[in-house]
file query.cif (mmCIF, C-alpha atoms)
data_data
loop_
_atom_site.label_atom_id
_atom_site.label_comp_id
_atom_site.auth_asym_id
_atom_site.auth_seq_id
_atom_site.Cartn_x
_atom_site.Cartn_y
_atom_site.Cartn_z
CA MET A 1 0.00 0.00 0.00
CA ALA A 2 1.25 3.48 -0.85
CA ALA A 3 1.75 5.98 1.94
CA PRO A 4 -1.45 7.95 2.72
CA SER A 5 -1.48 11.61 1.67
CA PRO A 6 -2.95 14.46 3.75
CA LEU A 7 -6.28 15.73 2.46
CA VAL A 8 -6.44 19.29 1.17
CA VAL A 9 -9.75 20.60 2.51
CA PRO A 10 -10.92 23.77 4.29
CA ASP A 11 -9.94 24.19 7.93
CA HIS A 12 -13.57 23.87 9.10
CA ALA A 13 -14.03 20.48 7.40
CA LEU A 14 -13.05 17.08 8.76
CA GLN A 15 -9.34 16.56 8.21
CA GLY A 16 -7.53 13.34 7.42
CA PHE A 17 -5.63 11.29 4.86
CA GLU A 18 -6.36 9.41 1.66
CA VAL A 19 -4.91 6.44 -0.17
CA GLY A 20 -5.87 4.39 -3.21
CA ALA A 21 -8.05 5.09 -6.24
CA GLY A 22 -11.56 4.11 -7.28
CA GLU A 23 -14.98 4.49 -5.70
CA PRO A 24 -14.75 6.68 -2.57
CA LEU A 25 -14.91 5.05 0.86
CA VAL A 26 -14.93 7.14 4.04
CA VAL A 27 -13.40 5.59 7.15
CA LEU A 28 -14.37 6.89 10.62
CA HIS A 29 -12.71 5.91 13.89
CA GLY A 30 -14.16 5.16 17.32
CA PHE A 31 -14.12 6.81 20.75
CA ALA A 32 -10.77 6.51 22.50
CA ALA A 33 -7.98 8.71 23.75
CA GLY A 34 -5.65 9.28 20.82
CA ALA A 35 -8.03 7.68 18.30
CA ASP A 36 -7.73 8.53 14.61
CA SER A 37 -8.89 6.91 11.39
CA ARG A 38 -5.40 6.40 10.00
CA THR A 39 -4.58 3.84 12.72
CA GLU A 40 -8.08 2.44 13.37
CA PHE A 41 -8.46 0.16 10.34
CA VAL A 42 -4.89 -0.50 9.18
CA PRO A 43 -5.34 -4.01 7.69
CA GLN A 44 -8.73 -3.16 6.22
CA VAL A 45 -7.45 0.02 4.55
CA ALA A 46 -4.51 -1.89 3.09
CA ALA A 47 -6.92 -4.26 1.33
CA LEU A 48 -9.69 -1.80 0.49
CA SER A 49 -7.34 0.79 -1.02
CA GLU A 50 -6.50 -1.64 -3.82
CA GLY A 51 -9.85 -0.84 -5.42
CA HIS A 52 -11.16 2.23 -3.62
CA ARG A 53 -10.19 5.78 -2.82
CA VAL A 54 -10.10 5.49 0.96
CA LEU A 55 -10.65 8.72 2.90
CA MET A 56 -9.55 8.35 6.52
CA LEU A 57 -11.34 11.22 8.27
CA ASP A 58 -10.87 12.29 11.88
CA LEU A 59 -13.85 13.48 13.90
CA PRO A 60 -13.81 16.82 15.76
CA GLY A 61 -11.40 16.66 18.69
CA PHE A 62 -9.43 13.71 17.31
CA GLY A 63 -6.26 13.29 15.26
CA ALA A 64 -5.92 15.67 12.34
CA SER A 65 -9.23 17.31 13.36
CA GLY A 66 -8.07 17.90 16.92
CA ALA A 67 -8.26 21.69 16.54
CA LEU A 68 -11.94 21.68 15.56
CA PRO A 69 -14.31 22.91 18.29
CA ILE A 70 -16.49 20.45 20.19
CA ALA A 71 -20.12 21.34 19.51
CA GLU A 72 -22.98 20.73 21.95
CA ASP A 73 -24.72 18.54 19.36
CA TYR A 74 -21.63 16.57 18.45
CA LEU A 75 -23.26 14.26 15.93
CA GLU A 76 -24.97 17.01 13.95
CA ASP A 77 -21.78 19.08 13.85
CA ALA A 78 -19.67 16.10 12.76
CA VAL A 79 -22.10 15.35 9.92
CA VAL A 80 -22.03 18.96 8.71
CA ARG A 81 -18.23 18.91 8.69
CA LEU A 82 -18.24 15.53 6.92
CA LEU A 83 -20.38 17.00 4.15
CA ASP A 84 -18.05 20.00 3.98
CA THR A 85 -15.19 17.58 3.33
CA LEU A 86 -17.10 15.71 0.63
CA ASP A 87 -18.10 18.97 -1.04
CA ALA A 88 -14.51 20.22 -0.99
CA LEU A 89 -13.39 17.00 -2.66
CA GLY A 90 -16.20 17.11 -5.24
CA LEU A 91 -17.78 13.86 -4.04
CA ASP A 92 -21.54 13.46 -4.41
CA ARG A 93 -21.87 10.06 -2.75
CA VAL A 94 -19.61 7.81 -0.67
CA SER A 95 -19.71 4.52 1.15
CA VAL A 96 -18.68 4.43 4.80
CA LEU A 97 -16.73 2.06 7.05
CA ALA A 98 -16.99 3.16 10.67
CA THR A 99 -16.78 1.85 14.22
CA SER A 100 -18.33 2.88 17.52
CA LEU A 101 -18.60 6.71 17.67
CA GLY A 102 -17.80 6.95 13.96
CA ALA A 103 -20.69 4.58 13.26
CA TRP A 104 -23.01 6.87 15.22
CA VAL A 105 -21.94 9.76 13.00
CA ALA A 106 -22.50 7.62 9.90
CA LEU A 107 -26.02 6.70 11.03
CA ARG A 108 -26.82 10.36 11.69
CA ALA A 109 -25.57 11.20 8.19
CA ALA A 110 -27.71 8.41 6.74
CA VAL A 111 -30.79 9.80 8.50
CA ASP A 112 -30.23 13.44 7.56
CA HIS A 113 -28.47 13.11 4.20
CA GLY A 114 -29.07 9.61 2.88
CA ASP A 115 -28.66 10.81 -0.69
CA ARG A 116 -24.95 11.42 -0.01
CA LEU A 117 -24.29 7.84 1.10
CA ASP A 118 -24.13 4.55 -0.78
CA ARG A 119 -23.36 1.58 1.49
CA LEU A 120 -22.52 1.56 5.19
CA ALA A 121 -20.42 -0.99 7.08
CA LEU A 122 -20.87 -0.18 10.77
CA LEU A 123 -19.11 -1.91 13.64
CA ALA A 124 -20.88 -1.87 17.01
CA PRO A 125 -22.79 1.43 16.82
CA GLY A 126 -23.91 1.50 20.46
CA VAL A 127 -26.71 3.92 19.62
CA LEU A 128 -28.75 0.90 18.51
CA HIS A 129 -28.87 0.00 22.21
CA ALA A 130 -30.50 3.30 23.18
CA GLY A 131 -34.10 2.08 23.11
CA SER A 132 -33.41 -1.36 24.55
CA ALA A 133 -35.03 -2.19 27.87
CA GLY A 134 -31.75 -3.82 28.83
CA ALA A 135 -29.58 -0.84 27.91
CA ARG A 136 -26.99 0.03 30.55
CA PRO A 137 -23.88 2.16 30.81
CA ALA A 138 -21.18 0.50 28.73
CA GLU A 139 -18.49 -1.27 30.74
CA GLY A 140 -15.83 0.02 28.40
CA VAL A 141 -17.08 3.59 28.81
CA ARG A 142 -16.89 3.26 32.60
CA LEU A 143 -13.34 1.93 32.44
CA LEU A 144 -12.31 4.60 29.94
CA SER A 145 -13.74 7.23 32.29
CA ALA A 146 -11.64 5.75 35.08
CA PHE A 147 -8.56 6.04 32.87
CA LEU A 148 -9.34 9.64 32.00
CA ALA A 149 -9.67 10.46 35.69
CA ARG A 150 -6.35 8.78 36.48
CA PRO A 151 -4.35 8.01 33.31
CA THR A 152 -2.06 5.17 34.33
CA ALA A 153 -0.80 2.08 32.53
CA GLY A 154 -2.92 -0.08 34.84
CA ALA A 155 -6.10 1.82 34.03
CA MET A 156 -5.32 1.63 30.32
CA LEU A 157 -4.82 -2.14 30.61
CA ASP A 158 -8.18 -2.54 32.36
CA TRP A 159 -9.92 -0.62 29.58
CA LEU A 160 -8.17 -2.43 26.73
CA GLU A 161 -9.00 -5.82 28.25
CA SER A 162 -12.68 -4.85 28.28
CA GLN A 163 -12.56 -4.22 24.54
CA VAL A 164 -11.63 -7.75 23.47
CA ALA A 165 -13.06 -11.22 23.95
CA ASP A 166 -9.84 -12.69 25.35
CA PRO A 167 -7.78 -10.36 27.59
CA VAL A 168 -4.69 -12.47 26.85
CA ARG A 169 -4.62 -10.80 23.44
CA ILE A 170 -3.66 -7.51 25.08
CA VAL A 171 0.12 -7.33 25.39
CA ASP A 172 2.45 -4.72 26.86
CA ALA A 173 3.05 -3.19 23.42
CA ASP A 174 -0.69 -2.50 23.06
CA VAL A 175 -0.79 -0.70 26.40
CA GLU A 176 2.34 1.30 25.62
CA ARG A 177 1.09 2.33 22.17
CA GLU A 178 -2.37 3.45 23.27
CA LEU A 179 -1.02 5.11 26.40
CA ALA A 180 1.40 7.11 24.27
CA GLN A 181 -1.46 8.19 21.97
CA ALA A 182 -3.56 9.21 24.95
CA MET A 183 -0.75 11.27 26.47
CA VAL A 184 -0.36 13.49 23.42
CA PRO A 185 -0.90 17.02 24.79
CA GLY A 186 -4.59 17.88 24.81
CA ALA A 187 -5.86 14.41 23.85
CA ILE A 188 -7.45 13.60 27.21
CA ALA A 189 -9.00 17.05 27.59
CA ARG A 190 -10.54 16.79 24.12
CA LEU A 191 -11.91 13.32 24.80
CA LYS A 192 -13.52 14.53 28.02
CA ALA A 193 -15.09 17.41 26.11
CA VAL A 194 -16.55 15.02 23.53
CA ALA A 195 -17.86 12.71 26.26
CA ARG A 196 -19.64 15.57 28.03
CA THR A 197 -21.76 16.24 24.94
CA PHE A 198 -23.36 12.80 25.43
CA ASP A 199 -23.97 13.07 29.19
CA SER A 200 -27.69 13.81 28.87
CA GLY A 201 -28.38 10.90 26.54
CA GLU A 202 -30.41 13.15 24.25
CA GLN A 203 -28.23 12.71 21.16
CA GLU A 204 -28.38 8.92 21.13
CA SER A 205 -32.09 8.75 22.04
CA ALA A 206 -33.02 11.18 19.29
CA LEU A 207 -30.98 9.26 16.73
CA TRP A 208 -32.35 5.88 17.84
CA LEU A 209 -35.89 7.11 17.25
CA ARG A 210 -34.98 7.94 13.63
CA THR A 211 -32.97 4.83 12.71
CA SER A 212 -36.00 3.47 10.85
CA GLU A 213 -35.47 6.31 8.35
CA VAL A 214 -32.14 4.86 7.16
CA THR A 215 -32.79 3.55 3.65
CA ARG A 216 -29.27 2.74 2.47
CA PRO A 217 -27.86 -0.83 2.55
CA VAL A 218 -26.25 -1.33 5.96
CA LEU A 219 -23.96 -4.07 7.24
CA LEU A 220 -23.83 -4.24 11.03
CA ILE A 221 -20.86 -6.15 12.44
CA TRP A 222 -20.98 -7.10 16.11
CA GLY A 223 -18.60 -9.03 18.32
CA ARG A 224 -20.49 -11.76 20.16
CA GLU A 225 -18.54 -11.02 23.35
CA ASN A 226 -18.96 -7.24 23.16
CA ARG A 227 -18.98 -6.06 26.80
CA ASP A 228 -19.69 -2.45 25.88
CA PHE A 229 -22.94 -3.15 24.06
CA LEU A 230 -24.32 -6.65 24.53
CA LEU A 231 -25.48 -8.67 21.55
CA ASP A 232 -29.06 -8.83 22.85
CA GLY A 233 -29.34 -5.06 22.51
CA ALA A 234 -27.85 -5.20 19.03
CA LEU A 235 -30.54 -7.65 17.92
CA TYR A 236 -33.18 -5.31 19.31
CA GLY A 237 -31.78 -2.21 17.64
CA ALA A 238 -30.91 -3.81 14.30
CA ARG A 239 -34.58 -4.53 13.65
CA ARG A 240 -35.18 -0.80 13.36
CA VAL A 241 -32.88 -0.34 10.35
CA PRO A 242 -34.87 -1.48 7.28
CA ASN A 243 -32.03 -2.63 5.00
CA ALA A 244 -29.58 -3.81 7.65
CA ASP A 245 -27.87 -7.19 7.71
CA LEU A 246 -26.40 -8.11 11.09
CA HIS A 247 -23.27 -10.28 11.12
CA VAL A 248 -22.09 -11.61 14.48
CA LEU A 249 -18.45 -12.60 14.86
CA ALA A 250 -17.43 -15.09 17.53
CA SER A 251 -14.36 -14.51 19.69
CA CYS A 252 -14.71 -10.73 19.36
CA GLY A 253 -15.51 -7.90 21.72
CA HIS A 254 -16.00 -4.24 20.82
CA ARG A 255 -13.14 -4.24 18.29
CA PRO A 256 -13.82 -7.02 15.76
CA HIS A 257 -11.69 -5.25 13.13
CA ARG A 258 -8.69 -5.76 15.42
CA GLU A 259 -9.52 -9.25 16.67
CA ARG A 260 -10.65 -10.80 13.36
CA PRO A 261 -9.32 -8.42 10.71
CA GLU A 262 -9.55 -10.82 7.77
CA ALA A 263 -13.20 -11.64 8.49
CA VAL A 264 -14.14 -7.96 8.76
CA THR A 265 -12.28 -7.09 5.56
CA ARG A 266 -14.06 -9.88 3.68
CA LEU A 267 -17.48 -8.76 4.93
CA VAL A 268 -16.84 -5.15 3.97
CA LEU A 269 -15.61 -6.12 0.50
CA ASP A 270 -18.70 -8.28 -0.01
CA LEU A 271 -20.90 -5.31 0.90
CA LEU A 272 -19.07 -2.87 -1.37
CA ASN A 273 -19.16 -5.31 -4.29
CA SER A 274 -22.80 -6.33 -3.82
CA LYS A 275 -25.69 -5.32 -6.01
CA PRO A 276 -28.17 -2.81 -4.56
CA HIS A 277 -31.02 -4.30 -2.51
#
call {"tool": "encode", "arguments": {"input": "query.cif", "output": "structure tokens"}}
result
Amino acid sequence: MAAPSPLVVPDHALQGFEVGAGEPLVVLHGFAAGADSRTEFVPQVAALSEGHRVLMLDLPGFGASGALPIAEDYLEDAVVRLLDTLDALGLDRVSVLATSLGAWVALRAAVDHGDRLDRLALLAPGVLHAGSAGARPAEGVRLLSAFLARPTAGAMLDWLESQVADPVRIVDADVERELAQAMVPGAIARLKAVARTFDSGEQESALWLRTSEVTRPVLLIWGRENRDFLLDGALYGARRVPNADLHVLASCGHRPHRERPEAVTRLVLDLLNSKPH
């Protein structure tokens, strides 16, 4: 894979990198200290960029978009800035690969601007839990909050172990890498600012109520052992999205693209190469 190139877009738009050529595919990262789209889907981007123009965009407060302000309605603001990026690049319609927080943004875009999207591959969008009677605060969110309050290697280890099916998979190098990303000046403060915009629960509840308006083909990928958002809630929420296929991967937690990268890549390629519903 060639080295990604920085995008040339206005300062107010989502920033990021691109690689490859072909049909455009936007990649959006999840919610974590030091998260960015360039490092979120490394093996998937390597494969997908062989036939697609992959746009790795960072959400407000993260990575290359770290200087963007954190709006009170984070999802709406992120979607507006996403469209600004697409407009600047002259792109009428894109497909999306996104995880966690990025998948929430993608769903909001699909509700408000479905004509700008083609296909969506979404990994564990916890917003689909919002209306579930069994919904509860995510374990991973609680442990991440504990890390943000006291950012130590031990707290980072606890959080990382909650993200995977088998904690043995988390090695010292993982802790060191993610701790280093989190300790970049301003990263923790920005993550706290993003988290505060979701404190009331209004953003996710409002989006959940409108998920039935998503008309684009959607692939939902869920780890069977997801301890952030349990599979039962995913089954409940997935029924609200008319054209959604739900694929459950065994031996995966909240990060199936890290735990079973080949399987996720294959599923995404199948979606992108499929005929319209």
call {"tool": "closest_atom_pairs", "arguments": {"input": "query.cif", "of": "range 140-234 of chain A", "to": "range 79-101 of chain A", "cutoff": "12 Å", "atoms": "only C-alpha atoms", "output": "Markdown table"}}
result
| residue | atom | partner | partner_atom | distance |
| --- | --- | --- | --- | --- |
| A:Gly140 | CA | A:Ser100 | CA | 11.5 |
| A:Val141 | CA | A:Ser100 | CA | 11.4 |
| A:Gln163 | CA | A:Ser100 | CA | 11.5 |
| A:Leu191 | CA | A:Leu101 | CA | 11.8 |
| A:Val194 | CA | A:Leu101 | CA | 10.4 |
| A:Ala195 | CA | A:Leu101 | CA | 10.5 |
| A:Phe198 | CA | A:Leu101 | CA | 11.0 |
| A:Gln203 | CA | A:Leu101 | CA | 11.9 |
| A:Glu204 | CA | A:Leu101 | CA | 10.6 |
| A:Arg216 | CA | A:Ser95 | CA | 9.8 |
| A:Pro217 | CA | A:Ser95 | CA | 9.8 |
| A:Val218 | CA | A:Val96 | CA | 9.6 |
| A:Leu219 | CA | A:Leu97 | CA | 9.5 |
| A:Leu220 | CA | A:Thr99 | CA | 9.8 |
| A:Ile221 | CA | A:Thr99 | CA | 9.2 |
| A:Trp222 | CA | A:Thr99 | CA | 10.1 |
| A:Gly223 | CA | A:Thr99 | CA | 11.8 |
| A:Asn226 | CA | A:Ser100 | CA | 11.6 |
| A:Asp228 | CA | A:Ser100 | CA | 10.0 |
| A:Phe229 | CA | A:Ser100 | CA | 10.0 |
call {"tool": "write_last_selection", "arguments": {"input": "query.cif", "atoms": "C-alpha atoms", "output": "PDB file, in the frame of the given file"}}
result
ATOM      1  CA  GLY A 140     -15.830   0.020  28.400  1.00  0.00           C
ATOM      2  CA  VAL A 141     -17.080   3.590  28.810  1.00  0.00           C
ATOM      3  CA  GLN A 163     -12.560  -4.220  24.540  1.00  0.00           C
ATOM      4  CA  LEU A 191     -11.910  13.320  24.800  1.00  0.00           C
ATOM      5  CA  VAL A 194     -16.550  15.020  23.530  1.00  0.00           C
ATOM      6  CA  ALA A 195     -17.860  12.710  26.260  1.00  0.00           C
ATOM      7  CA  PHE A 198     -23.360  12.800  25.430  1.00  0.00           C
ATOM      8  CA  GLN A 203     -28.230  12.710  21.160  1.00  0.00           C
ATOM      9  CA  GLU A 204     -28.380   8.920  21.130  1.00  0.00           C
ATOM     10  CA  ARG A 216     -29.270   2.740   2.470  1.00  0.00           C
ATOM     11  CA  PRO A 217     -27.860  -0.830   2.550  1.00  0.00           C
ATOM     12  CA  VAL A 218     -26.250  -1.330   5.960  1.00  0.00           C
ATOM     13  CA  LEU A 219     -23.960  -4.070   7.240  1.00  0.00           C
ATOM     14  CA  LEU A 220     -23.830  -4.240  11.030  1.00  0.00           C
ATOM     15  CA  ILE A 221     -20.860  -6.150  12.440  1.00  0.00           C
ATOM     16  CA  TRP A 222     -20.980  -7.100  16.110  1.00  0.00           C
ATOM     17  CA  GLY A 223     -18.600  -9.030  18.320  1.00  0.00           C
ATOM     18  CA  ASN A 226     -18.960  -7.240  23.160  1.00  0.00           C
ATOM     19  CA  ASP A 228     -19.690  -2.450  25.880  1.00  0.00           C
ATOM     20  CA  PHE A 229     -22.940  -3.150  24.060  1.00  0.00           C
TER      21      PHE A 229
END
call {"tool": "resolve_selection", "arguments": {"input": "query.cif", "expression": "the PyMOL selection byres ((chain A and resi 47) around 12)", "output": "list in words"}}
result
Met1, Ala2, Val19, Gly20, Phe41, Val42, Pro43, Gln44, Val45, Ala46, Leu48, Ser49, Glu50, Gly51, His52, Arg53, Val54, Pro261, Glu262, Val264, Thr265, Arg266, Val268 and Leu269 of chain A
call {"tool": "residues_around", "arguments": {"input": "query.cif", "residues": "Ile188 in chain A", "least_positions_apart": "4", "cutoff": "10 Å", "atoms": "all atoms listed in the file", "output": "JSON list (two decimals) with C-alpha atoms, keeping the file's coordinate frame"}}
result
[["chain", "number", "residue", "atom", "x", "y", "z"],
["A", 32, "ALA", "CA", -10.77, 6.51, 22.50],
["A", 33, "ALA", "CA", -7.98, 8.71, 23.75],
["A", 34, "GLY", "CA", -5.65, 9.28, 20.82],
["A", 61, "GLY", "CA", -11.40, 16.66, 18.69],
["A", 147, "PHE", "CA", -8.56, 6.04, 32.87],
["A", 148, "LEU", "CA", -9.34, 9.64, 32.00],
["A", 149, "ALA", "CA", -9.67, 10.46, 35.69],
["A", 151, "PRO", "CA", -4.35, 8.01, 33.31],
["A", 181, "GLN", "CA", -1.46, 8.19, 21.97],
["A", 182, "ALA", "CA", -3.56, 9.21, 24.95],
["A", 183, "MET", "CA", -0.75, 11.27, 26.47],
["A", 184, "VAL", "CA", -0.36, 13.49, 23.42],
["A", 192, "LYS", "CA", -13.52, 14.53, 28.02],
["A", 193, "ALA", "CA", -15.09, 17.41, 26.11],
["A", 194, "VAL", "CA", -16.55, 15.02, 23.53]]
call {"tool": "closest_residue", "arguments": {"input": "query.cif", "among": "A:Arg260, A:Ala234, A:Arg224, A:Glu72", "to": "Thr197 in chain A", "atoms": "all atoms listed in the file"}}
result
A:Glu72
call {"tool": "atom_distance", "arguments": {"input": "query.cif", "atom1": "CA of Val127 in chain A", "atom2": "CA of Trp104 in chain A"}}
result
6.5 Å
call {"tool": "atom_distance", "arguments": {"input": "query.cif", "atom1": "CA of Pro167 in chain A", "atom2": "CA of Asp232 in chain A"}}
result
21.9 Å
call {"tool": "residues_around", "arguments": {"input": "query.cif", "residues": "Leu160 in chain A", "least_positions_apart": "3", "cutoff": "10 Å", "atoms": "all atoms listed in the file", "output": "list of chain:residue names"}}
result
A:Gly140, A:Leu143, A:Leu144, A:Gly154, A:Ala155, A:Met156, A:Leu157, A:Gln163, A:Val164, A:Pro167, A:Arg169, A:Ile170, A:Val171, A:Asp174, A:Val175, A:Glu178, A:His254, A:Arg255
call {"tool": "closest_residue", "arguments": {"input": "query.cif", "among": "A:Pro60, A:Gly114, A:Pro6, A:Gly233", "to": "Ala138 in chain A", "atoms": "only C-alpha atoms"}}
result
A:Gly233
call {"tool": "closest_residue", "arguments": {"input": "query.cif", "among": "A:Glu76, A:Asp11, A:Glu225, A:Glu40", "to": "His257 in chain A", "atoms": "all atoms listed in the file"}}
result
A:Glu40
call {"tool": "atom_distance", "arguments": {"input": "query.cif", "atom1": "CA of Arg258 in chain A", "atom2": "CA of Leu55 in chain A"}}
result
19.2 Å
call {"tool": "closest_residue", "arguments": {"input": "query.cif", "among": "A:Asp172, A:Glu161, A:Asp112, A:Glu202", "to": "Gly253 in chain A", "atoms": "all atoms listed in the file"}}
result
A:Glu161
call {"tool": "closest_residue", "arguments": {"input": "query.cif", "among": "A:Leu230, A:Ala109, A:Ala189, A:Val168", "to": "Ser145 in chain A", "atoms": "all atoms listed in the file"}}
result
A:Ala189
call {"tool": "build_atoms", "arguments": {"input": "query.cif", "residues": "range 30-45 of chain A", "atoms": "N, CA and C atoms", "output": "tab-separated table (two decimals), keeping the file's coordinate frame"}}
result
chain	number	residue	atom	x	y	z
A	30	GLY	N	-13.33	5.24	16.13
A	30	GLY	CA	-14.16	5.16	17.32
A	30	GLY	C	-13.78	6.16	18.39
A	31	PHE	N	-14.28	5.91	19.60
A	31	PHE	CA	-14.12	6.81	20.75
A	31	PHE	C	-13.03	6.28	21.66
A	32	ALA	N	-11.89	6.92	21.64
A	32	ALA	CA	-10.77	6.51	22.50
A	32	ALA	C	-9.76	7.65	22.55
A	33	ALA	N	-9.03	7.70	23.64
A	33	ALA	CA	-7.98	8.71	23.75
A	33	ALA	C	-6.92	8.45	22.69
A	34	GLY	N	-6.65	9.45	21.87
A	34	GLY	CA	-5.65	9.28	20.82
A	34	GLY	C	-6.16	8.59	19.57
A	35	ALA	N	-7.48	8.37	19.48
A	35	ALA	CA	-8.03	7.68	18.30
A	35	ALA	C	-7.89	8.54	17.05
A	36	ASP	N	-7.69	7.88	15.92
A	36	ASP	CA	-7.73	8.53	14.61
A	36	ASP	C	-7.99	7.46	13.56
A	37	SER	N	-8.49	7.88	12.42
A	37	SER	CA	-8.89	6.91	11.39
A	37	SER	C	-7.71	6.30	10.66
A	38	ARG	N	-6.57	6.95	10.70
A	38	ARG	CA	-5.40	6.40	10.00
A	38	ARG	C	-4.89	5.13	10.67
A	39	THR	N	-5.06	5.02	12.00
A	39	THR	CA	-4.58	3.84	12.72
A	39	THR	C	-5.71	2.88	13.10
A	40	GLU	N	-6.97	3.27	12.90
A	40	GLU	CA	-8.08	2.44	13.37
A	40	GLU	C	-8.25	1.17	12.54
A	41	PHE	N	-8.15	1.28	11.23
A	41	PHE	CA	-8.46	0.16	10.34
A	41	PHE	C	-7.27	-0.19	9.44
A	42	VAL	N	-6.10	-0.33	10.00
A	42	VAL	CA	-4.89	-0.50	9.18
A	42	VAL	C	-4.99	-1.67	8.21
A	43	PRO	N	-5.29	-2.90	8.66
A	43	PRO	CA	-5.34	-4.01	7.69
A	43	PRO	C	-6.48	-3.88	6.70
A	44	GLN	N	-7.61	-3.32	7.14
A	44	GLN	CA	-8.73	-3.16	6.22
A	44	GLN	C	-8.41	-2.13	5.14
A	45	VAL	N	-7.80	-1.02	5.52
A	45	VAL	CA	-7.45	0.02	4.55
A	45	VAL	C	-6.45	-0.51	3.54
